[in-house]
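Asks: Below is the structure I would like to discuss, written out as structure tokens.
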Amino acid sequence: MEIFSDIIILNNGEELATMKREKRLFRSVVMLAVILLAGFAGPGVCAEKVTTLRIQSIFPHGDLSMDTLAEFAKSVEKRSNGQLKVTVFADGDIVPGDQGFVGASQGVLDMVQGAGVTYAGTMPVCDVEFGLPLAYSFPGKDFDTSAALVRSFFFEKGFIELLRSEYKKHGLYLLDIHTYGPVPFMVSKKPVKSCDDLKGMRFRAEGIDLEYHNAVGMQTTTISGLETYMALKLGTVDGAEWDVSCITGLKWHEVAPYWIIGAESDHTMGSILINLKKWEALSPDAKKALAGAGEDYWKATVANYKKELETVKEMVKKGEVKESRLDDACRAQYTAAAQKLWDKVAARDEACAKAVKLLREWRATVK
């Protein structure tokens, strides 16, 4: 019995040792599996959720500022290390272009890219933001220099803070500005040299430019950018304004080959607006990425519009576009009309009065 008893004790000890070895092996296998899974999954397992934002331009495909939004989207993704993505839409893809401001304000859109000239009915100071007639005109300055001057007005003279305060009242945050180059960029079905040639011309314009052109005798009307080509072709209008992409993108010169020069500013400004609640919900890093991308978009529009102006000049050399330069007397009429409009806009409300005051003080320092 003692021998038998010893065998039992020995066997029980071996079984206990075996159970301990199996437990240690199980723990090792589990730990290895966790390590392998983490390795296969990569750092994304603990990464923040990717946020996708939708931006719609108020302009159609073919408009240079709209097409340049692809560069804005790339910049956002790069600056956010892939944590922010932007999908781009054009006029009418989600809401009609003239409803972009309201769409972003109400959260139907996350962001809208467009021009204050179309928002001024809701927020009057947007006319100053876009550019009162001849406000951003700098005779003798090249394209890059004049662009830098306008940006300095916004960001160094307090104008951007004034605008952001006004946009906030409408549930929007002004991210950054961009240029459309010379506006009004005017095309016509017939050659024009004097204001006598302009009198009675049926002309497509928008915003404050309706009054600007009416002051020299035109009969202005508003037509969407999408419908203007056909309106020119059918003779519904005799001429129209946009920016340089009315030729390089929208091809209006095919039915209105005369480029009217003399009433334009060197630059006019657009904006990227973000729904305020969406903006405030973003992390500091996300806001920083969007702000950086906004400035990148500014630089892209300066480069792209400069390039497109050179394209049009080449088209002039080839005879595809014909220049019609306004004479000095007509330019003087436009200048007088512009100054009256500055005074008229300044009287709209307190924000407009402050903005025009800032504008005039800044213009007095520009040499």
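Identifiers in this document derive from the order of the structure tokens: chains are assigned A, B, ..., residues are numbered from 1 separately in each chain, and ligands are numbered from 1 in order of occurrence.
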For stretch 273-278 of chain A, work out the shell of residues within 8 Å, counting only C-alpha atoms and skipping chain neighbours fewer than 4 positions away, then give it as a PyMOL selection string.

Replies: chain A and resi 104-107+109-113+168+171-176+282

Asks: Please produce a file of the residues just selected, as a PDB file, in the first residue's frame, where the atoms kept are N, CA and C atoms.

Replies:
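Dumped everything to part-v5.pdb:
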ATOM      1  N   ALA A 104     -25.295  76.645 -46.093  1.00  0.00           N
ATOM      2  CA  ALA A 104     -24.224  76.491 -45.099  1.00  0.00           C
ATOM      3  C   ALA A 104     -24.671  76.992 -43.734  1.00  0.00           C
ATOM      4  N   SER A 105     -25.426  78.078 -43.709  1.00  0.00           N
ATOM      5  CA  SER A 105     -25.917  78.633 -42.446  1.00  0.00           C
ATOM      6  C   SER A 105     -26.799  77.638 -41.710  1.00  0.00           C
ATOM      7  N   GLN A 106     -27.624  76.914 -42.451  1.00  0.00           N
ATOM      8  CA  GLN A 106     -28.566  75.963 -41.850  1.00  0.00           C
ATOM      9  C   GLN A 106     -27.990  74.563 -41.688  1.00  0.00           C
ATOM     10  N   GLY A 107     -26.767  74.340 -42.173  1.00  0.00           N
ATOM     11  CA  GLY A 107     -26.134  73.033 -42.000  1.00  0.00           C
ATOM     12  C   GLY A 107     -26.434  72.035 -43.091  1.00  0.00           C
ATOM     13  N   LEU A 109     -25.172  72.329 -45.993  1.00  0.00           N
ATOM     14  CA  LEU A 109     -23.793  72.222 -46.446  1.00  0.00           C
ATOM     15  C   LEU A 109     -22.874  72.428 -45.242  1.00  0.00           C
ATOM     16  N   ASP A 110     -21.734  71.751 -45.236  1.00  0.00           N
ATOM     17  CA  ASP A 110     -20.740  72.028 -44.199  1.00  0.00           C
ATOM     18  C   ASP A 110     -20.004  73.320 -44.505  1.00  0.00           C
ATOM     19  N   MET A 111     -19.736  73.542 -45.797  1.00  0.00           N
ATOM     20  CA  MET A 111     -19.004  74.721 -46.232  1.00  0.00           C
ATOM     21  C   MET A 111     -19.546  75.194 -47.572  1.00  0.00           C
ATOM     22  N   VAL A 112     -19.356  76.475 -47.838  1.00  0.00           N
ATOM     23  CA  VAL A 112     -19.712  77.028 -49.142  1.00  0.00           C
ATOM     24  C   VAL A 112     -18.577  77.926 -49.607  1.00  0.00           C
ATOM     25  N   GLN A 113     -18.251  77.812 -50.883  1.00  0.00           N
ATOM     26  CA  GLN A 113     -17.256  78.695 -51.497  1.00  0.00           C
ATOM     27  C   GLN A 113     -17.993  79.581 -52.483  1.00  0.00           C
ATOM     28  N   LYS A 168     -20.793  85.575 -38.112  1.00  0.00           N
ATOM     29  CA  LYS A 168     -21.189  84.811 -36.922  1.00  0.00           C
ATOM     30  C   LYS A 168     -22.667  84.996 -36.622  1.00  0.00           C
ATOM     31  N   GLY A 171     -24.593  82.358 -38.327  1.00  0.00           N
ATOM     32  CA  GLY A 171     -24.226  80.963 -38.088  1.00  0.00           C
ATOM     33  C   GLY A 171     -23.113  80.464 -38.982  1.00  0.00           C
ATOM     34  N   LEU A 172     -22.194  81.370 -39.369  1.00  0.00           N
ATOM     35  CA  LEU A 172     -21.118  81.008 -40.283  1.00  0.00           C
ATOM     36  C   LEU A 172     -19.775  81.506 -39.761  1.00  0.00           C
ATOM     37  N   TYR A 173     -18.717  80.793 -40.140  1.00  0.00           N
ATOM     38  CA  TYR A 173     -17.360  81.214 -39.821  1.00  0.00           C
ATOM     39  C   TYR A 173     -16.620  81.447 -41.128  1.00  0.00           C
ATOM     40  N   LEU A 174     -16.011  82.620 -41.267  1.00  0.00           N
ATOM     41  CA  LEU A 174     -15.224  82.955 -42.450  1.00  0.00           C
ATOM     42  C   LEU A 174     -13.835  82.342 -42.305  1.00  0.00           C
ATOM     43  N   LEU A 175     -13.562  81.314 -43.099  1.00  0.00           N
ATOM     44  CA  LEU A 175     -12.274  80.625 -42.998  1.00  0.00           C
ATOM     45  C   LEU A 175     -11.154  81.442 -43.638  1.00  0.00           C
ATOM     46  N   ASP A 176     -11.355  81.831 -44.891  1.00  0.00           N
ATOM     47  CA  ASP A 176     -10.318  82.581 -45.593  1.00  0.00           C
ATOM     48  C   ASP A 176     -10.931  83.197 -46.853  1.00  0.00           C
ATOM     49  N   LEU A 282     -15.068  71.175 -34.107  1.00  0.00           N
ATOM     50  CA  LEU A 282     -13.816  70.591 -34.558  1.00  0.00           C
ATOM     51  C   LEU A 282     -12.727  70.744 -33.498  1.00  0.00           C
TER      52      LEU A 282
END

Asks: If you run DSSP on the backbone here, which positions in stretch 257-313 of chain A get helix (DSSP H, G or I)? Please write them as a ChimeraX atom specification.

Replies: /A:276-281,284-313

Asks: Please write the residues from the selection above to a file, keeping N, CA and C atoms, as a short mmCIF file (atom, residue, chain, number, x, y, z; two decimals), in the first residue's frame.

Replies:
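And here is the file that came out, selection_35.cif:
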data_model
loop_
_atom_site.label_atom_id
_atom_site.label_comp_id
_atom_site.auth_asym_id
_atom_site.auth_seq_id
_atom_site.Cartn_x
_atom_site.Cartn_y
_atom_site.Cartn_z
N LEU A 276 -21.08 77.41 -38.54
CA LEU A 276 -20.43 77.78 -37.28
C LEU A 276 -20.43 76.63 -36.27
N LYS A 277 -21.54 75.92 -36.14
CA LYS A 277 -21.60 74.78 -35.20
C LYS A 277 -20.60 73.70 -35.59
N LYS A 278 -20.49 73.45 -36.89
CA LYS A 278 -19.54 72.46 -37.38
C LYS A 278 -18.11 72.90 -37.04
N TRP A 279 -17.82 74.19 -37.26
CA TRP A 279 -16.49 74.72 -36.97
C TRP A 279 -16.16 74.61 -35.49
N GLU A 280 -17.08 75.01 -34.63
CA GLU A 280 -16.82 75.01 -33.20
C GLU A 280 -16.69 73.60 -32.64
N ALA A 281 -17.25 72.61 -33.32
CA ALA A 281 -17.16 71.23 -32.85
C ALA A 281 -15.84 70.56 -33.22
N PRO A 284 -8.87 71.51 -32.10
CA PRO A 284 -7.89 72.56 -32.47
C PRO A 284 -7.02 72.16 -33.65
N ASP A 285 -6.62 70.88 -33.71
CA ASP A 285 -5.78 70.43 -34.82
C ASP A 285 -6.54 70.48 -36.15
N ALA A 286 -7.82 70.11 -36.10
CA ALA A 286 -8.64 70.15 -37.32
C ALA A 286 -8.82 71.58 -37.80
N LYS A 287 -9.06 72.49 -36.86
CA LYS A 287 -9.19 73.91 -37.22
C LYS A 287 -7.90 74.44 -37.84
N LYS A 288 -6.79 74.04 -37.26
CA LYS A 288 -5.50 74.49 -37.78
C LYS A 288 -5.28 73.98 -39.20
N ALA A 289 -5.66 72.72 -39.44
CA ALA A 289 -5.51 72.14 -40.77
C ALA A 289 -6.37 72.87 -41.80
N LEU A 290 -7.61 73.19 -41.43
CA LEU A 290 -8.51 73.90 -42.34
C LEU A 290 -8.02 75.32 -42.60
N ALA A 291 -7.54 75.98 -41.56
CA ALA A 291 -7.02 77.35 -41.74
C ALA A 291 -5.82 77.36 -42.68
N GLY A 292 -4.95 76.39 -42.51
CA GLY A 292 -3.79 76.29 -43.40
C GLY A 292 -4.20 76.01 -44.83
N ALA A 293 -5.20 75.14 -44.99
CA ALA A 293 -5.68 74.82 -46.34
C ALA A 293 -6.37 76.02 -46.97
N GLY A 294 -7.04 76.83 -46.15
CA GLY A 294 -7.66 78.04 -46.66
C GLY A 294 -6.64 78.99 -47.25
N GLU A 295 -5.50 79.13 -46.56
CA GLU A 295 -4.43 79.99 -47.09
C GLU A 295 -3.80 79.37 -48.34
N ASP A 296 -3.69 78.04 -48.35
CA ASP A 296 -3.18 77.37 -49.54
C ASP A 296 -4.10 77.62 -50.74
N TYR A 297 -5.40 77.62 -50.49
CA TYR A 297 -6.36 77.88 -51.57
C TYR A 297 -6.21 79.30 -52.09
N TRP A 298 -5.99 80.26 -51.19
CA TRP A 298 -5.71 81.63 -51.61
C TRP A 298 -4.53 81.66 -52.58
N LYS A 299 -3.44 81.02 -52.21
CA LYS A 299 -2.25 81.00 -53.05
C LYS A 299 -2.53 80.32 -54.39
N ALA A 300 -3.35 79.27 -54.35
CA ALA A 300 -3.69 78.55 -55.59
C ALA A 300 -4.52 79.42 -56.53
N THR A 301 -5.46 80.19 -55.98
CA THR A 301 -6.27 81.04 -56.85
C THR A 301 -5.43 82.17 -57.44
N VAL A 302 -4.51 82.73 -56.66
CA VAL A 302 -3.63 83.76 -57.19
C VAL A 302 -2.84 83.20 -58.38
N ALA A 303 -2.26 82.02 -58.20
CA ALA A 303 -1.47 81.41 -59.26
C ALA A 303 -2.33 81.05 -60.47
N ASN A 304 -3.50 80.48 -60.23
CA ASN A 304 -4.33 79.99 -61.33
C ASN A 304 -4.96 81.12 -62.13
N TYR A 305 -5.43 82.16 -61.45
CA TYR A 305 -6.03 83.28 -62.18
C TYR A 305 -4.97 84.05 -62.97
N LYS A 306 -3.80 84.18 -62.41
CA LYS A 306 -2.70 84.82 -63.14
C LYS A 306 -2.40 84.04 -64.42
N LYS A 307 -2.36 82.72 -64.30
CA LYS A 307 -2.09 81.86 -65.45
C LYS A 307 -3.19 81.98 -66.50
N GLU A 308 -4.44 82.03 -66.06
CA GLU A 308 -5.55 82.10 -67.00
C GLU A 308 -5.59 83.44 -67.74
N LEU A 309 -5.18 84.51 -67.07
CA LEU A 309 -5.09 85.81 -67.75
C LEU A 309 -4.06 85.75 -68.87
N GLU A 310 -2.96 85.07 -68.63
CA GLU A 310 -1.96 84.91 -69.67
C GLU A 310 -2.51 84.08 -70.82
N THR A 311 -3.34 83.10 -70.50
CA THR A 311 -3.98 82.28 -71.54
C THR A 311 -4.86 83.14 -72.44
N VAL A 312 -5.63 84.04 -71.83
CA VAL A 312 -6.51 84.90 -72.61
C VAL A 312 -5.69 85.84 -73.49
N LYS A 313 -4.60 86.35 -72.97
CA LYS A 313 -3.74 87.23 -73.78
C LYS A 313 -3.19 86.49 -74.98
#

Asks: Need the shell around A:Ala135: protein/DNA/RNA residues with any atom at most 9 Å away, counting only C-alpha atoms. Skip same-chain ones fewer than 2 positions apart. Format as a PDB file with C-alpha atoms, in the first residue's frame?

Replies:
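Once written, selection_25.pdb looks like this:
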ATOM      1  CA  VAL A 128     -17.296  95.585 -49.502  1.00  0.00           C
ATOM      2  CA  GLY A 131     -14.902  94.579 -53.684  1.00  0.00           C
ATOM      3  CA  LEU A 132     -16.748  97.804 -54.330  1.00  0.00           C
ATOM      4  CA  PRO A 133     -16.232  98.976 -57.936  1.00  0.00           C
ATOM      5  CA  SER A 137      -7.539  98.490 -58.460  1.00  0.00           C
ATOM      6  CA  PHE A 138      -3.821  99.394 -58.434  1.00  0.00           C
ATOM      7  CA  SER A 265     -10.657  96.082 -60.408  1.00  0.00           C
ATOM      8  CA  ASP A 266      -7.398  94.134 -60.452  1.00  0.00           C
ATOM      9  CA  HIS A 267      -8.877  91.730 -57.918  1.00  0.00           C
ATOM     10  CA  THR A 268     -12.195  90.826 -56.359  1.00  0.00           C
ATOM     11  CA  ALA A 338     -17.951 103.899 -58.353  1.00  0.00           C
ATOM     12  CA  TRP A 342     -19.078 103.608 -52.140  1.00  0.00           C
ATOM     13  CA  LEU A 359     -11.235 100.761 -46.996  1.00  0.00           C
ATOM     14  CA  ARG A 360     -10.743 104.482 -47.573  1.00  0.00           C
ATOM     15  CA  ARG A 363      -6.459 103.122 -49.853  1.00  0.00           C
TER      16      ARG A 363
END

Asks: Might you pull out every residue within 9 Å of stretch 194-196 of chain A, with only C-alpha atoms counted and same-chain residues fewer than 4 positions away left off, and present them as a list in words?

Replies: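 Returned residues: Gly200, Val216, Gly217, Met218, Arg325, Leu326, Asp327, Asp328, Ala329, Cys330, Arg331 and Gln333 of chain A.
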
Asks: Taking the DSSP secondary structure from the backbone, can you list the residues of stretch 226-332 of chain A that are strand (DSSP E), as a PyMOL selection string?

Replies: chain A and resi 239-242+258-261+269-275+322-325

Asks: Give me, please, the distance in Å between atom CA of A:Asp127 and atom CA of A:Ala355, quoted to one decimal.

Replies: 9.9 Å

Asks: Please provide as a PyMOL selection string all residues within 10 Å of A:Val321, with the sequence filter that same-chain residues fewer than 3 positions apart are discarded (counting only C-alpha atoms).

Replies: chain A and resi 187+247+253-254+256-259+312-318+324

Asks: Just the selected residues (N, CA and C atoms), exported as an mmCIF file, in the first residue's frame, please.

Replies:
data_model
loop_
_atom_site.group_PDB
_atom_site.id
_atom_site.type_symbol
_atom_site.label_atom_id
_atom_site.label_comp_id
_atom_site.auth_asym_id
_atom_site.auth_seq_id
_atom_site.Cartn_x
_atom_site.Cartn_y
_atom_site.Cartn_z
ATOM 1 N N VAL A 187 -17.489 90.624 -71.438
ATOM 2 C CA VAL A 187 -17.449 90.206 -72.838
ATOM 3 C C VAL A 187 -18.693 90.725 -73.552
ATOM 4 N N ILE A 247 -14.132 82.942 -70.177
ATOM 5 C CA ILE A 247 -13.522 82.593 -71.455
ATOM 6 C C ILE A 247 -12.824 81.242 -71.379
ATOM 7 N N HIS A 253 -16.655 83.418 -74.990
ATOM 8 C CA HIS A 253 -16.088 84.117 -76.144
ATOM 9 C C HIS A 253 -16.521 83.504 -77.468
ATOM 10 N N GLU A 254 -16.983 82.278 -77.445
ATOM 11 C CA GLU A 254 -17.450 81.639 -78.677
ATOM 12 C C GLU A 254 -18.666 82.360 -79.250
ATOM 13 N N ALA A 256 -19.517 85.628 -77.741
ATOM 14 C CA ALA A 256 -19.300 87.049 -77.411
ATOM 15 C C ALA A 256 -17.790 87.275 -77.367
ATOM 16 N N PRO A 257 -17.153 87.489 -78.514
ATOM 17 C CA PRO A 257 -15.694 87.454 -78.599
ATOM 18 C C PRO A 257 -14.965 88.726 -78.169
ATOM 19 N N TYR A 258 -15.700 89.795 -77.830
ATOM 20 C CA TYR A 258 -15.043 91.066 -77.501
ATOM 21 C C TYR A 258 -14.860 91.207 -75.990
ATOM 22 N N TRP A 259 -13.620 91.401 -75.582
ATOM 23 C CA TRP A 259 -13.242 91.560 -74.173
ATOM 24 C C TRP A 259 -13.173 93.047 -73.875
ATOM 25 N N VAL A 312 -5.633 84.035 -71.825
ATOM 26 C CA VAL A 312 -6.511 84.903 -72.612
ATOM 27 C C VAL A 312 -5.691 85.842 -73.489
ATOM 28 N N LYS A 313 -4.597 86.346 -72.973
ATOM 29 C CA LYS A 313 -3.736 87.227 -73.776
ATOM 30 C C LYS A 313 -3.187 86.488 -74.984
ATOM 31 N N GLU A 314 -2.880 85.214 -74.818
ATOM 32 C CA GLU A 314 -2.443 84.409 -75.955
ATOM 33 C C GLU A 314 -3.578 84.214 -76.951
ATOM 34 N N MET A 315 -4.799 84.072 -76.443
ATOM 35 C CA MET A 315 -5.956 83.944 -77.322
ATOM 36 C C MET A 315 -6.194 85.226 -78.123
ATOM 37 N N VAL A 316 -5.879 86.366 -77.515
ATOM 38 C CA VAL A 316 -5.975 87.647 -78.227
ATOM 39 C C VAL A 316 -4.992 87.671 -79.392
ATOM 40 N N LYS A 317 -3.772 87.213 -79.134
ATOM 41 C CA LYS A 317 -2.763 87.178 -80.189
ATOM 42 C C LYS A 317 -3.187 86.283 -81.342
ATOM 43 N N LYS A 318 -3.903 85.221 -81.023
ATOM 44 C CA LYS A 318 -4.352 84.292 -82.050
ATOM 45 C C LYS A 318 -5.636 84.741 -82.752
ATOM 46 N N SER A 324 -11.455 95.204 -76.562
ATOM 47 C CA SER A 324 -12.177 96.467 -76.745
ATOM 48 C C SER A 324 -11.887 97.331 -75.531
#

Asks: Rounded to one decimal place, report the atom CA of A:Gly207-atom CA of A:Ala90 distance in Å.

Replies: 20.4 Å

Asks: Have a look at atom CA of A:Gln219 and atom CA of A:Lys199 and let me know their distance in Å, one decimal.

Replies: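 These atoms are spaced 7.7 Å apart.
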
Asks: So which residues touch A:Gly114 within 10 Å, counting only C-alpha atoms, skipping near sequence neighbours fewer than 2 positions away, as a list in words?

Replies: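 Returned residues: Gln56, Ser57, Ile58, Phe59, Ser65, Met66, Asp91, Gly97, Asp98, Gly100, Phe101, Met111, Val112, Gly116, Val117, Thr118, Tyr119, Phe130, Ile177, His178, Met269, Gly270, Ser271, Ile272 and Leu273 of chain A.
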
Asks: Hey, can you spit out that residue selection with C-alpha atoms as a short mmCIF file (atom, residue, chain, number, x, y, z; two decimals), in the first residue's frame?

Replies:
data_model
loop_
_atom_site.label_atom_id
_atom_site.label_comp_id
_atom_site.auth_asym_id
_atom_site.auth_seq_id
_atom_site.Cartn_x
_atom_site.Cartn_y
_atom_site.Cartn_z
CA GLN A 56 -20.22 73.34 -52.47
CA SER A 57 -19.26 76.18 -54.74
CA ILE A 58 -21.97 78.61 -55.81
CA PHE A 59 -20.34 78.43 -59.25
CA SER A 65 -12.44 79.01 -58.45
CA MET A 66 -14.75 76.01 -58.33
CA ASP A 91 -23.53 74.86 -58.31
CA GLY A 97 -25.83 78.31 -56.16
CA ASP A 98 -27.89 81.26 -54.97
CA GLY A 100 -25.31 78.35 -50.87
CA PHE A 101 -25.16 80.96 -48.10
CA MET A 111 -19.00 74.72 -46.23
CA VAL A 112 -19.71 77.03 -49.14
CA GLY A 116 -20.07 88.10 -51.19
CA VAL A 117 -21.68 89.95 -54.08
CA THR A 118 -24.36 87.25 -54.04
CA TYR A 119 -24.83 87.40 -50.24
CA PHE A 130 -16.22 91.21 -52.61
CA ILE A 177 -10.55 84.69 -48.73
CA HIS A 178 -9.46 84.11 -52.32
CA MET A 269 -12.54 88.59 -53.34
CA GLY A 270 -14.36 85.37 -52.62
CA SER A 271 -14.72 83.43 -49.39
CA ILE A 272 -14.91 79.96 -47.88
CA LEU A 273 -17.56 79.84 -45.15
#

Asks: Need to verify the contact set: A:Lys85, 12 Å, only C-alpha atoms, exclusion of same-chain residues closer than 5 positions in sequence. Can you return it as a ChimeraX atom specification?

Replies: /A:49-55,70,72-80,110,286,289-290,293

Asks: Include N, CA and C atoms and write out the residues we just selected as a PDB file, in the first residue's frame.

Replies:
ATOM      1  N   LYS A  49     -11.546  59.192 -35.441  1.00  0.00           N
ATOM      2  CA  LYS A  49     -12.445  58.941 -36.550  1.00  0.00           C
ATOM      3  C   LYS A  49     -12.212  59.968 -37.648  1.00  0.00           C
ATOM      4  N   VAL A  50     -12.207  59.511 -38.907  1.00  0.00           N
ATOM      5  CA  VAL A  50     -12.041  60.407 -40.036  1.00  0.00           C
ATOM      6  C   VAL A  50     -13.322  61.225 -40.218  1.00  0.00           C
ATOM      7  N   THR A  51     -13.181  62.540 -40.345  1.00  0.00           N
ATOM      8  CA  THR A  51     -14.317  63.435 -40.530  1.00  0.00           C
ATOM      9  C   THR A  51     -14.362  63.893 -41.979  1.00  0.00           C
ATOM     10  N   THR A  52     -15.517  63.756 -42.600  1.00  0.00           N
ATOM     11  CA  THR A  52     -15.703  64.188 -43.984  1.00  0.00           C
ATOM     12  C   THR A  52     -16.594  65.423 -44.012  1.00  0.00           C
ATOM     13  N   LEU A  53     -16.137  66.450 -44.703  1.00  0.00           N
ATOM     14  CA  LEU A  53     -16.877  67.699 -44.843  1.00  0.00           C
ATOM     15  C   LEU A  53     -17.251  67.906 -46.309  1.00  0.00           C
ATOM     16  N   ARG A  54     -18.442  68.422 -46.530  1.00  0.00           N
ATOM     17  CA  ARG A  54     -18.900  68.697 -47.893  1.00  0.00           C
ATOM     18  C   ARG A  54     -18.846  70.193 -48.161  1.00  0.00           C
ATOM     19  N   ILE A  55     -18.171  70.569 -49.231  1.00  0.00           N
ATOM     20  CA  ILE A  55     -18.133  71.975 -49.632  1.00  0.00           C
ATOM     21  C   ILE A  55     -18.772  72.096 -51.006  1.00  0.00           C
ATOM     22  N   ALA A  70     -10.455  71.520 -55.765  1.00  0.00           N
ATOM     23  CA  ALA A  70      -9.798  70.213 -55.652  1.00  0.00           C
ATOM     24  C   ALA A  70      -8.463  70.360 -54.922  1.00  0.00           C
ATOM     25  N   PHE A  72      -7.844  72.679 -52.642  1.00  0.00           N
ATOM     26  CA  PHE A  72      -8.207  72.903 -51.239  1.00  0.00           C
ATOM     27  C   PHE A  72      -8.436  71.565 -50.538  1.00  0.00           C
ATOM     28  N   ALA A  73      -9.179  70.673 -51.191  1.00  0.00           N
ATOM     29  CA  ALA A  73      -9.478  69.367 -50.591  1.00  0.00           C
ATOM     30  C   ALA A  73      -8.201  68.564 -50.338  1.00  0.00           C
ATOM     31  N   LYS A  74      -7.276  68.593 -51.280  1.00  0.00           N
ATOM     32  CA  LYS A  74      -6.009  67.873 -51.112  1.00  0.00           C
ATOM     33  C   LYS A  74      -5.208  68.448 -49.941  1.00  0.00           C
ATOM     34  N   SER A  75      -5.212  69.758 -49.835  1.00  0.00           N
ATOM     35  CA  SER A  75      -4.472  70.401 -48.757  1.00  0.00           C
ATOM     36  C   SER A  75      -5.050  70.051 -47.393  1.00  0.00           C
ATOM     37  N   VAL A  76      -6.389  70.030 -47.285  1.00  0.00           N
ATOM     38  CA  VAL A  76      -7.033  69.675 -46.019  1.00  0.00           C
ATOM     39  C   VAL A  76      -6.621  68.272 -45.588  1.00  0.00           C
ATOM     40  N   GLU A  77      -6.675  67.326 -46.501  1.00  0.00           N
ATOM     41  CA  GLU A  77      -6.331  65.946 -46.165  1.00  0.00           C
ATOM     42  C   GLU A  77      -4.861  65.832 -45.753  1.00  0.00           C
ATOM     43  N   LYS A  78      -3.989  66.514 -46.490  1.00  0.00           N
ATOM     44  CA  LYS A  78      -2.562  66.443 -46.178  1.00  0.00           C
ATOM     45  C   LYS A  78      -2.255  67.079 -44.830  1.00  0.00           C
ATOM     46  N   ARG A  79      -2.811  68.263 -44.584  1.00  0.00           N
ATOM     47  CA  ARG A  79      -2.506  68.979 -43.342  1.00  0.00           C
ATOM     48  C   ARG A  79      -3.105  68.290 -42.118  1.00  0.00           C
ATOM     49  N   SER A  80      -4.162  67.527 -42.314  1.00  0.00           N
ATOM     50  CA  SER A  80      -4.796  66.836 -41.183  1.00  0.00           C
ATOM     51  C   SER A  80      -4.308  65.397 -41.036  1.00  0.00           C
ATOM     52  N   ASP A 110     -21.734  71.751 -45.236  1.00  0.00           N
ATOM     53  CA  ASP A 110     -20.740  72.028 -44.199  1.00  0.00           C
ATOM     54  C   ASP A 110     -20.004  73.320 -44.505  1.00  0.00           C
ATOM     55  N   ALA A 286      -7.819  70.107 -36.102  1.00  0.00           N
ATOM     56  CA  ALA A 286      -8.636  70.148 -37.323  1.00  0.00           C
ATOM     57  C   ALA A 286      -8.821  71.583 -37.797  1.00  0.00           C
ATOM     58  N   ALA A 289      -5.663  72.720 -39.440  1.00  0.00           N
ATOM     59  CA  ALA A 289      -5.511  72.137 -40.775  1.00  0.00           C
ATOM     60  C   ALA A 289      -6.373  72.870 -41.795  1.00  0.00           C
ATOM     61  N   LEU A 290      -7.613  73.185 -41.429  1.00  0.00           N
ATOM     62  CA  LEU A 290      -8.510  73.898 -42.340  1.00  0.00           C
ATOM     63  C   LEU A 290      -8.018  75.322 -42.604  1.00  0.00           C
ATOM     64  N   ALA A 293      -5.197  75.136 -44.994  1.00  0.00           N
ATOM     65  CA  ALA A 293      -5.685  74.816 -46.338  1.00  0.00           C
ATOM     66  C   ALA A 293      -6.370  76.016 -46.974  1.00  0.00           C
TER      67      ALA A 293
END
